[in-house]
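Here is the file structure39.cif (mmCIF, C-alpha atoms; chains and numbers go by the auth columns).
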data_my_file
#
loop_
_atom_site.group_PDB
_atom_site.id
_atom_site.type_symbol
_atom_site.label_atom_id
_atom_site.label_comp_id
_atom_site.label_asym_id
_atom_site.label_seq_id
_atom_site.Cartn_x
_atom_site.Cartn_y
_atom_site.Cartn_z
_atom_site.B_iso_or_equiv
_atom_site.auth_seq_id
_atom_site.auth_asym_id
ATOM 1 C CA MET A 1 112.677 99.946 97.126 0.00 1 D
ATOM 2 C CA ASP A 2 111.724 96.823 99.088 0.00 2 D
ATOM 3 C CA GLY A 3 111.169 98.637 102.385 0.00 3 D
ATOM 4 C CA VAL A 4 108.228 100.790 103.448 0.00 4 D
ATOM 5 C CA GLN A 5 108.687 103.987 105.407 0.00 5 D
ATOM 6 C CA GLU A 6 107.120 103.950 108.859 0.00 6 D
ATOM 7 C CA HIS A 7 107.302 107.734 109.187 0.00 7 D
ATOM 8 C CA PRO A 8 107.261 109.341 105.724 0.00 8 D
ATOM 9 C CA ASP A 9 108.193 112.745 107.177 0.00 9 D
ATOM 10 C CA ASP A 10 111.068 111.393 109.264 0.00 10 D
ATOM 11 C CA PRO A 11 114.388 112.401 107.638 0.00 11 D
ATOM 12 C CA ARG A 12 116.007 109.255 109.010 0.00 12 D
ATOM 13 C CA TRP A 13 113.887 107.058 106.760 0.00 13 D
ATOM 14 C CA ASP A 14 114.657 109.255 103.782 0.00 14 D
ATOM 15 C CA VAL A 15 118.397 109.002 104.427 0.00 15 D
ATOM 16 C CA ALA A 16 118.212 105.252 105.115 0.00 16 D
ATOM 17 C CA GLU A 17 116.429 104.568 101.835 0.00 17 D
ATOM 18 C CA ARG A 18 118.770 106.809 99.874 0.00 18 D
ATOM 19 C CA VAL A 19 121.831 105.084 101.309 0.00 19 D
ATOM 20 C CA ALA A 20 120.313 101.667 100.590 0.00 20 D
ATOM 21 C CA ALA A 21 119.566 102.685 97.001 0.00 21 D
ATOM 22 C CA ALA A 22 123.112 103.966 96.531 0.00 22 D
ATOM 23 C CA VAL A 23 124.570 100.735 97.934 0.00 23 D
ATOM 24 C CA ARG A 24 122.502 98.619 95.555 0.00 24 D
ATOM 25 C CA ARG A 25 123.369 100.851 92.615 0.00 25 D
ATOM 26 C CA ARG A 26 127.125 100.789 93.257 0.00 26 D
ATOM 27 C CA PHE A 27 127.408 97.130 94.306 0.00 27 D
ATOM 28 C CA PRO A 28 124.572 95.366 92.439 0.00 28 D
ATOM 29 C CA ALA A 29 126.197 91.941 92.299 0.00 29 D
ATOM 30 C CA GLU A 30 127.553 91.928 95.848 0.00 30 D
ATOM 31 C CA VAL A 31 124.683 92.944 98.125 0.00 31 D
ATOM 32 C CA LEU A 32 122.329 90.274 99.463 0.00 32 D
ATOM 33 C CA ALA A 33 120.275 92.411 101.854 0.00 33 D
ATOM 34 C CA VAL A 34 120.043 95.884 103.359 0.00 34 D
ATOM 35 C CA ALA A 35 118.140 96.594 106.567 0.00 35 D
ATOM 36 C CA VAL A 36 117.748 99.019 109.438 0.00 36 D
ATOM 37 C CA HIS A 37 117.980 98.018 113.078 0.00 37 D
ATOM 38 C CA GLY A 38 117.348 99.904 116.318 0.00 38 D
ATOM 39 C CA PRO A 39 114.463 102.391 116.744 0.00 39 D
ATOM 40 C CA LEU A 40 113.579 102.512 113.058 0.00 40 D
ATOM 41 C CA ALA A 41 113.280 98.727 112.926 0.00 41 D
ATOM 42 C CA HIS A 42 110.979 98.691 115.931 0.00 42 D
ATOM 43 C CA GLY A 43 108.826 101.380 114.369 0.00 43 D
ATOM 44 C CA ASP A 44 107.575 102.720 117.688 0.00 44 D
ATOM 45 C CA ASP A 45 109.847 105.689 118.334 0.00 45 D
ATOM 46 C CA ASP A 46 108.502 109.215 118.086 0.00 46 D
ATOM 47 C CA GLY A 47 109.810 109.784 114.555 0.00 47 D
ATOM 48 C CA GLY A 48 111.578 112.905 115.733 0.00 48 D
ATOM 49 C CA GLY A 49 114.399 112.505 113.266 0.00 49 D
ATOM 50 C CA ASP A 50 117.203 113.317 115.685 0.00 50 D
ATOM 51 C CA GLY A 51 118.464 109.781 116.295 0.00 51 D
ATOM 52 C CA GLU A 52 120.970 107.506 114.653 0.00 52 D
ATOM 53 C CA VAL A 53 120.243 105.303 111.659 0.00 53 D
ATOM 54 C CA GLY A 54 121.664 101.828 112.186 0.00 54 D
ATOM 55 C CA LEU A 55 122.062 100.342 108.702 0.00 55 D
ATOM 56 C CA LEU A 56 123.133 96.775 107.950 0.00 56 D
ATOM 57 C CA VAL A 57 124.510 95.752 104.555 0.00 57 D
ATOM 58 C CA VAL A 58 124.849 91.999 104.034 0.00 58 D
ATOM 59 C CA THR A 59 127.082 90.817 101.202 0.00 59 D
ATOM 60 C CA TYR A 60 127.405 87.450 99.478 0.00 60 D
ATOM 61 C CA ARG A 61 131.159 87.245 100.067 0.00 61 D
ATOM 62 C CA PRO A 62 133.612 88.664 102.610 0.00 62 D
ATOM 63 C CA GLY A 63 135.493 91.814 101.689 0.00 63 D
ATOM 64 C CA THR A 64 132.947 93.033 99.164 0.00 64 D
ATOM 65 C CA GLY A 65 130.450 95.867 99.159 0.00 65 D
ATOM 66 C CA PRO A 66 131.092 99.278 100.719 0.00 66 D
ATOM 67 C CA PRO A 67 133.404 99.734 103.697 0.00 67 D
ATOM 68 C CA ALA A 68 131.848 99.947 107.151 0.00 68 D
ATOM 69 C CA ALA A 69 131.624 103.598 108.128 0.00 69 D
ATOM 70 C CA THR A 70 129.920 106.195 110.290 0.00 70 D
ATOM 71 C CA ARG A 71 129.023 109.568 108.810 0.00 71 D
ATOM 72 C CA ARG A 72 126.491 112.309 109.256 0.00 72 D
ATOM 73 C CA VAL A 73 124.404 112.628 106.080 0.00 73 D
ATOM 74 C CA ASP A 74 122.127 115.646 105.743 0.00 74 D
ATOM 75 C CA GLY A 75 122.169 116.076 109.501 0.00 75 D
ATOM 76 C CA VAL A 76 121.384 112.396 110.230 0.00 76 D
ATOM 77 C CA LEU A 77 124.024 110.155 111.801 0.00 77 D
ATOM 78 C CA VAL A 78 124.373 106.917 109.813 0.00 78 D
ATOM 79 C CA ASP A 79 126.198 103.910 111.278 0.00 79 D
ATOM 80 C CA LEU A 80 126.863 101.503 108.398 0.00 80 D
ATOM 81 C CA THR A 81 127.675 97.897 109.267 0.00 81 D
ATOM 82 C CA VAL A 82 128.861 95.705 106.383 0.00 82 D
ATOM 83 C CA VAL A 83 129.242 91.963 106.856 0.00 83 D
ATOM 84 C CA ALA A 84 129.200 88.820 104.737 0.00 84 D
ATOM 85 C CA ALA A 85 126.126 86.624 105.102 0.00 85 D
ATOM 86 C CA GLU A 86 127.926 83.587 106.523 0.00 86 D
ATOM 87 C CA GLU A 87 129.807 85.723 109.045 0.00 87 D
ATOM 88 C CA ARG A 88 126.571 87.347 110.220 0.00 88 D
ATOM 89 C CA LEU A 89 124.979 83.948 110.668 0.00 89 D
ATOM 90 C CA ARG A 90 128.025 82.814 112.642 0.00 90 D
ATOM 91 C CA GLN A 91 127.668 85.845 114.907 0.00 91 D
ATOM 92 C CA ALA A 92 123.984 85.080 115.385 0.00 92 D
ATOM 93 C CA ARG A 93 124.873 81.595 116.614 0.00 93 D
ATOM 94 C CA GLN A 94 127.172 82.904 119.352 0.00 94 D
ATOM 95 C CA LEU A 95 126.138 83.392 122.963 0.00 95 D
ATOM 96 C CA THR A 96 128.579 85.904 124.444 0.00 96 D
ATOM 97 C CA SER A 97 128.655 87.999 127.605 0.00 97 D
ATOM 98 C CA ARG A 98 127.240 90.896 125.572 0.00 98 D
ATOM 99 C CA TRP A 99 124.294 88.918 124.238 0.00 99 D
ATOM 100 C CA PRO A 100 121.647 91.138 125.924 0.00 100 D
ATOM 101 C CA LEU A 101 123.047 94.097 123.959 0.00 101 D
ATOM 102 C CA THR A 102 123.455 92.378 120.579 0.00 102 D
ATOM 103 C CA ALA A 103 120.480 90.027 120.200 0.00 103 D
ATOM 104 C CA ASP A 104 118.062 92.718 119.084 0.00 104 D
ATOM 105 C CA ARG A 105 120.101 93.255 115.902 0.00 105 D
ATOM 106 C CA TYR A 106 119.474 89.661 114.880 0.00 106 D
ATOM 107 C CA VAL A 107 115.837 89.460 115.914 0.00 107 D
ATOM 108 C CA THR A 108 114.466 92.886 114.963 0.00 108 D
ATOM 109 C CA THR A 109 115.381 94.281 111.559 0.00 109 D
ATOM 110 C CA ARG A 110 113.362 96.093 108.909 0.00 110 D
ATOM 111 C CA ALA A 111 114.230 95.254 105.318 0.00 111 D
ATOM 112 C CA LEU A 112 115.075 97.910 102.775 0.00 112 D
ATOM 113 C CA HIS A 113 116.215 95.223 100.355 0.00 113 D
ATOM 114 C CA ASP A 114 115.787 91.509 100.995 0.00 114 D
ATOM 115 C CA PRO A 115 114.570 89.683 97.891 0.00 115 D
ATOM 116 C CA THR A 116 115.473 86.201 99.193 0.00 116 D
ATOM 117 C CA GLY A 117 114.080 86.586 102.720 0.00 117 D
ATOM 118 C CA TRP A 118 117.561 86.258 104.223 0.00 118 D
ATOM 119 C CA LEU A 119 116.745 88.414 107.250 0.00 119 D
ATOM 120 C CA ALA A 120 114.162 85.863 108.378 0.00 120 D
ATOM 121 C CA THR A 121 116.908 83.230 108.178 0.00 121 D
ATOM 122 C CA LEU A 122 119.108 85.415 110.399 0.00 122 D
ATOM 123 C CA ARG A 123 116.347 85.743 112.980 0.00 123 D
ATOM 124 C CA ASP A 124 115.569 82.033 112.929 0.00 124 D
ATOM 125 C CA GLU A 125 119.238 81.092 113.308 0.00 125 D
ATOM 126 C CA HIS A 126 119.516 83.230 116.415 0.00 126 D
ATOM 127 C CA LEU A 127 116.255 82.048 117.957 0.00 127 D
ATOM 128 C CA GLY A 128 117.223 78.468 117.215 0.00 128 D
ATOM 129 C CA ARG A 129 120.542 78.979 118.994 0.00 129 D
ATOM 130 C CA LEU A 130 118.722 80.319 122.036 0.00 130 D
ATOM 131 C CA ALA A 131 116.369 77.360 122.044 0.00 131 D
ATOM 132 C CA ARG A 132 119.361 74.982 122.102 0.00 132 D
ATOM 133 C CA ALA A 133 121.311 76.917 124.750 0.00 133 D
ATOM 134 C CA ARG A 134 121.845 75.193 128.071 0.00 134 D
ATOM 135 C CA PRO A 135 121.346 77.144 131.319 0.00 135 D
ATOM 136 C CA ALA A 136 125.058 76.778 132.070 0.00 136 D
ATOM 137 C CA GLU A 137 125.910 78.768 128.931 0.00 137 D
ATOM 138 C CA PHE A 138 123.934 81.773 130.122 0.00 138 D
ATOM 139 C CA THR A 139 125.438 81.438 133.588 0.00 139 D
ATOM 140 C CA SER A 140 128.969 81.323 132.185 0.00 140 D
ATOM 141 C CA ALA A 141 128.324 84.394 130.022 0.00 141 D
ATOM 142 C CA ALA A 142 126.759 86.186 133.015 0.00 142 D
ATOM 143 C CA ARG A 143 129.841 85.462 135.097 0.00 143 D
ATOM 144 C CA ARG A 144 132.074 87.100 132.485 0.00 144 D
ATOM 145 C CA ALA A 145 129.781 90.123 132.373 0.00 145 D
ATOM 146 C CA TRP A 146 129.844 90.280 136.172 0.00 146 D
ATOM 147 C CA TYR A 147 133.632 90.515 136.202 0.00 147 D
ATOM 148 C CA ARG A 148 133.432 93.404 133.762 0.00 148 D
ATOM 149 C CA GLY A 149 130.884 95.260 135.898 0.00 149 D
ATOM 150 C CA SER A 150 132.713 94.571 139.160 0.00 150 D
ATOM 151 C CA ALA A 151 136.040 95.799 137.755 0.00 151 D
ATOM 152 C CA ALA A 152 134.377 98.982 136.462 0.00 152 D
ATOM 153 C CA LEU A 153 132.815 99.674 139.866 0.00 153 D
ATOM 154 C CA ALA A 154 136.133 99.182 141.645 0.00 154 D
ATOM 155 C CA ARG A 155 137.783 101.549 139.202 0.00 155 D
ATOM 156 C CA ALA A 156 135.025 104.120 139.694 0.00 156 D
ATOM 157 C CA ALA A 157 135.521 103.995 143.476 0.00 157 D
ATOM 158 C CA ARG A 158 139.268 104.543 143.191 0.00 158 D
ATOM 159 C CA LEU A 159 138.813 107.447 140.785 0.00 159 D
ATOM 160 C CA ALA A 160 136.292 109.036 143.131 0.00 160 D
ATOM 161 C CA GLU A 161 138.811 108.796 145.974 0.00 161 D
ATOM 162 C CA TRP A 162 141.309 110.629 143.763 0.00 162 D
ATOM 163 C CA TYR A 163 138.677 113.293 142.945 0.00 163 D
ATOM 164 C CA GLU A 164 138.718 112.282 139.291 0.00 164 D
ATOM 165 C CA THR A 165 134.982 112.876 139.178 0.00 165 D
ATOM 166 C CA ASP A 166 134.391 112.811 135.426 0.00 166 D
ATOM 167 C CA GLN A 167 136.298 109.572 134.940 0.00 167 D
ATOM 168 C CA ALA A 168 134.593 108.055 137.977 0.00 168 D
ATOM 169 C CA LEU A 169 131.180 108.822 136.488 0.00 169 D
ATOM 170 C CA LEU A 170 132.176 107.197 133.208 0.00 170 D
ATOM 171 C CA MET A 171 133.296 104.040 134.994 0.00 171 D
ATOM 172 C CA LEU A 172 130.146 104.043 137.103 0.00 172 D
ATOM 173 C CA GLY A 173 128.187 104.035 133.852 0.00 173 D
ATOM 174 C CA GLU A 174 130.184 100.994 132.728 0.00 174 D
ATOM 175 C CA ALA A 175 129.452 99.295 136.052 0.00 175 D
ATOM 176 C CA ARG A 176 125.719 99.953 135.687 0.00 176 D
ATOM 177 C CA LEU A 177 125.783 98.507 132.194 0.00 177 D
ATOM 178 C CA GLY A 178 127.761 95.466 133.360 0.00 178 D
ATOM 179 C CA ALA A 179 125.247 94.750 136.112 0.00 179 D
ATOM 180 C CA ALA A 180 122.350 95.261 133.676 0.00 180 D
ATOM 181 C CA THR A 181 123.956 92.815 131.252 0.00 181 D
ATOM 182 C CA VAL A 182 124.305 90.199 134.006 0.00 182 D
ATOM 183 C CA SER A 183 120.638 90.649 134.820 0.00 183 D
ATOM 184 C CA GLY A 184 119.726 90.143 131.172 0.00 184 D
ATOM 185 C CA LEU A 185 121.774 86.969 130.909 0.00 185 D
ATOM 186 C CA LEU A 186 120.429 85.455 134.113 0.00 186 D
ATOM 187 C CA SER A 187 116.862 86.114 133.004 0.00 187 D
ATOM 188 C CA ARG A 188 117.445 85.495 129.262 0.00 188 D
ATOM 189 C CA THR A 189 116.302 89.038 128.492 0.00 189 D
ATOM 190 C CA TYR A 190 117.783 91.158 125.720 0.00 190 D
ATOM 191 C CA PHE A 191 117.600 94.928 125.332 0.00 191 D
ATOM 192 C CA ARG A 192 117.485 97.379 122.461 0.00 192 D
ATOM 193 C CA ASP A 193 120.594 99.283 123.516 0.00 193 D
ATOM 194 C CA PRO A 194 122.657 100.165 126.625 0.00 194 D
ATOM 195 C CA GLY A 195 120.211 102.880 127.695 0.00 195 D
ATOM 196 C CA ASP A 196 117.307 100.456 127.502 0.00 196 D
ATOM 197 C CA ALA A 197 119.319 97.923 129.522 0.00 197 D
ATOM 198 C CA VAL A 198 119.955 100.191 132.493 0.00 198 D
ATOM 199 C CA ARG A 199 116.413 101.585 132.426 0.00 199 D
ATOM 200 C CA ARG A 200 114.666 98.225 132.377 0.00 200 D
ATOM 201 C CA THR A 201 116.860 96.780 135.121 0.00 201 D
ATOM 202 C CA GLY A 202 116.337 99.776 137.419 0.00 202 D
ATOM 203 C CA LEU A 203 119.990 100.810 137.298 0.00 203 D
ATOM 204 C CA ALA A 204 119.576 104.181 135.577 0.00 204 D
ATOM 205 C CA GLY A 205 120.870 106.772 138.022 0.00 205 D
ATOM 206 C CA ALA A 206 122.024 104.157 140.558 0.00 206 D
ATOM 207 C CA ASP A 207 124.937 105.316 142.724 0.00 207 D
ATOM 208 C CA MET A 208 128.009 103.263 143.627 0.00 208 D
ATOM 209 C CA THR A 209 126.427 101.792 146.732 0.00 209 D
ATOM 210 C CA GLU A 210 123.333 100.714 144.843 0.00 210 D
ATOM 211 C CA VAL A 211 125.308 99.215 141.975 0.00 211 D
ATOM 212 C CA GLY A 212 127.539 97.428 144.479 0.00 212 D
ATOM 213 C CA ALA A 213 124.488 95.924 146.171 0.00 213 D
ATOM 214 C CA VAL A 214 123.174 94.649 142.832 0.00 214 D
ATOM 215 C CA LEU A 215 126.526 93.111 141.947 0.00 215 D
ATOM 216 C CA ALA A 216 126.683 91.463 145.382 0.00 216 D
ATOM 217 C CA ARG A 217 123.263 89.855 144.859 0.00 217 D
ATOM 218 C CA GLN A 218 124.341 88.705 141.417 0.00 218 D
ATOM 219 C CA SER A 219 127.507 87.217 142.870 0.00 219 D
ATOM 220 C CA ALA A 220 125.412 85.183 145.317 0.00 220 D
ATOM 221 C CA GLU A 221 123.169 83.973 142.491 0.00 221 D
ATOM 222 C CA LEU A 222 126.137 82.962 140.352 0.00 222 D
ATOM 223 C CA THR A 223 127.533 81.040 143.316 0.00 223 D
ATOM 224 C CA ALA A 224 124.197 79.296 143.778 0.00 224 D
ATOM 225 C CA ARG A 225 124.274 78.338 140.114 0.00 225 D
ATOM 226 C CA GLY A 226 127.425 76.310 140.558 0.00 226 D
ATOM 227 C CA ARG A 227 130.573 78.378 140.889 0.00 227 D
ATOM 228 C CA PRO A 228 131.573 81.426 142.967 0.00 228 D
ATOM 229 C CA VAL A 229 133.039 84.452 141.242 0.00 229 D
ATOM 230 C CA ASP A 230 136.136 84.242 143.464 0.00 230 D
ATOM 231 C CA GLY A 231 138.533 81.330 143.183 0.00 231 D
ATOM 232 C CA THR A 232 142.085 80.052 143.343 0.00 232 D
ATOM 233 C CA ILE A 233 144.844 80.004 140.751 0.00 233 D
ATOM 234 C CA ASP A 234 143.986 76.353 140.092 0.00 234 D
ATOM 235 C CA ASP A 235 140.357 77.359 139.476 0.00 235 D
ATOM 236 C CA LEU A 236 141.581 79.953 136.981 0.00 236 D
ATOM 237 C CA LEU A 237 143.790 77.508 135.103 0.00 237 D
ATOM 238 C CA ASP A 238 141.109 74.817 135.085 0.00 238 D
ATOM 239 C CA GLY A 239 138.667 77.236 133.437 0.00 239 D
#
Will you turn the file into structure tokens for me?
Amino acid sequence: MDGVQEHPDDPRWDVAERVAAAVRRRFPAEVLAVAVHGPLAHGDDDGGGDGEVGLLVVTYRPGTGPPAATRRVDGVLVDLTVVAAEERLRQARQLTSRWPLTADRYVTTRALHDPTGWLATLRDEHLGRLARARPAEFTSAARRAWYRGSAALARAARLAEWYETDQALLMLGEARLGAATVSGLLSRTYFRDPGDAVRRTGLAGADMTEVGAVLARQSAELTARGRPVDGTIDDLLDG
């Protein structure tokens, strides 16, 4: 195998390498690279073996290789992403409203099979896109994320009024994540995952009032950056 285990006793690494070997064996002419992302790629988790294995399979051509799937293998949850190389590079060049939650998958990967060094190309494509990005692009993406967070908070408040407590808590979680994503976009900061996003932005455990205050401050900042979040029908149609 091309990759090196960070935690030899961690069952996640064992499963990841076995899956990678099986992919290469069954699709030898179709697979360009195989890698892990998430905690295993960072190599600084506790190695407890109870987390998910995020596995990326990159193929030469679209529609080849194994199907994308999620399964538990020997007690380890494996999330298998399969994508053609050109499509993955296209994704890496995009700057969307969810960029703070997706960038880590382009920047931090650990190869299990990468004979051509393609994963470095993926990282460089994404970093190059960030270097070329204009401030207005991040602001525009942040505005879209703000709408998502604001709508979730409004929904959470209505559900709470109707005593739909469980649903209200779920929507409050979405509102926290929306506000965290806005923060990441405005500061050009990306996170490992949704939990990392709300922790690092101080929104973990925030109640509706606190999340509302954060969204209000973000609204003022977006206005200061050129356009308020509220507008007219003409504003909507003019983009």
Give the answer as one residue: which of D:Ser187, D:Val78, D:Ala206, D:Arg199 has the shortest atom-to-atom distance to Gly173 in chain D, using only C-alpha atoms?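 That would be D:Ala206, the residue with the smallest distance to Gly173 in chain D.
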Assuming the chain letters and numbering stay as they are in my file, what does the PyMOL selection byres ((chain D and resi 170) around 12) actually select? List them as a list in words.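 Selection result, ordered by chain and number: Ala152, Leu153, Arg155, Ala156, Ala157, Leu159, Ala160, Glu164, Thr165, Asp166, Gln167, Ala168, Leu169, Met171, Leu172, Gly173, Glu174, Ala175, Arg176, Leu177 and Met208 of chain D.
When CA of Val31 in chain D is paired with CA of Gly128 in chain D, their separation reads 25.1 Å.
Considering only C-alpha atoms, the residue among D:Ala16, D:Leu119, D:Val73, D:Leu222 positioned nearest to Arg105 in chain D is D:Leu119.
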Answer key for the PyMOL selection byres ((chain D and resi 23) around 12), residues as a ChimeraX atom specification: /D:1,16-22,24-35,55-59,64-68,80,82,112-113
With distances taken over all atoms listed in the file, which of D:Tyr106, D:Trp13, D:Phe191, D:Trp118 is nearest to Val53 in chain D?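 Of the candidates, the smallest distance to Val53 in chain D is held by D:Trp13.
Among the candidate residues D:Gly184, D:Gly195, D:Gly231, D:Pro39, the one lying nearest to Trp146 in chain D is D:Gly184, with distances computed using only C-alpha atoms.
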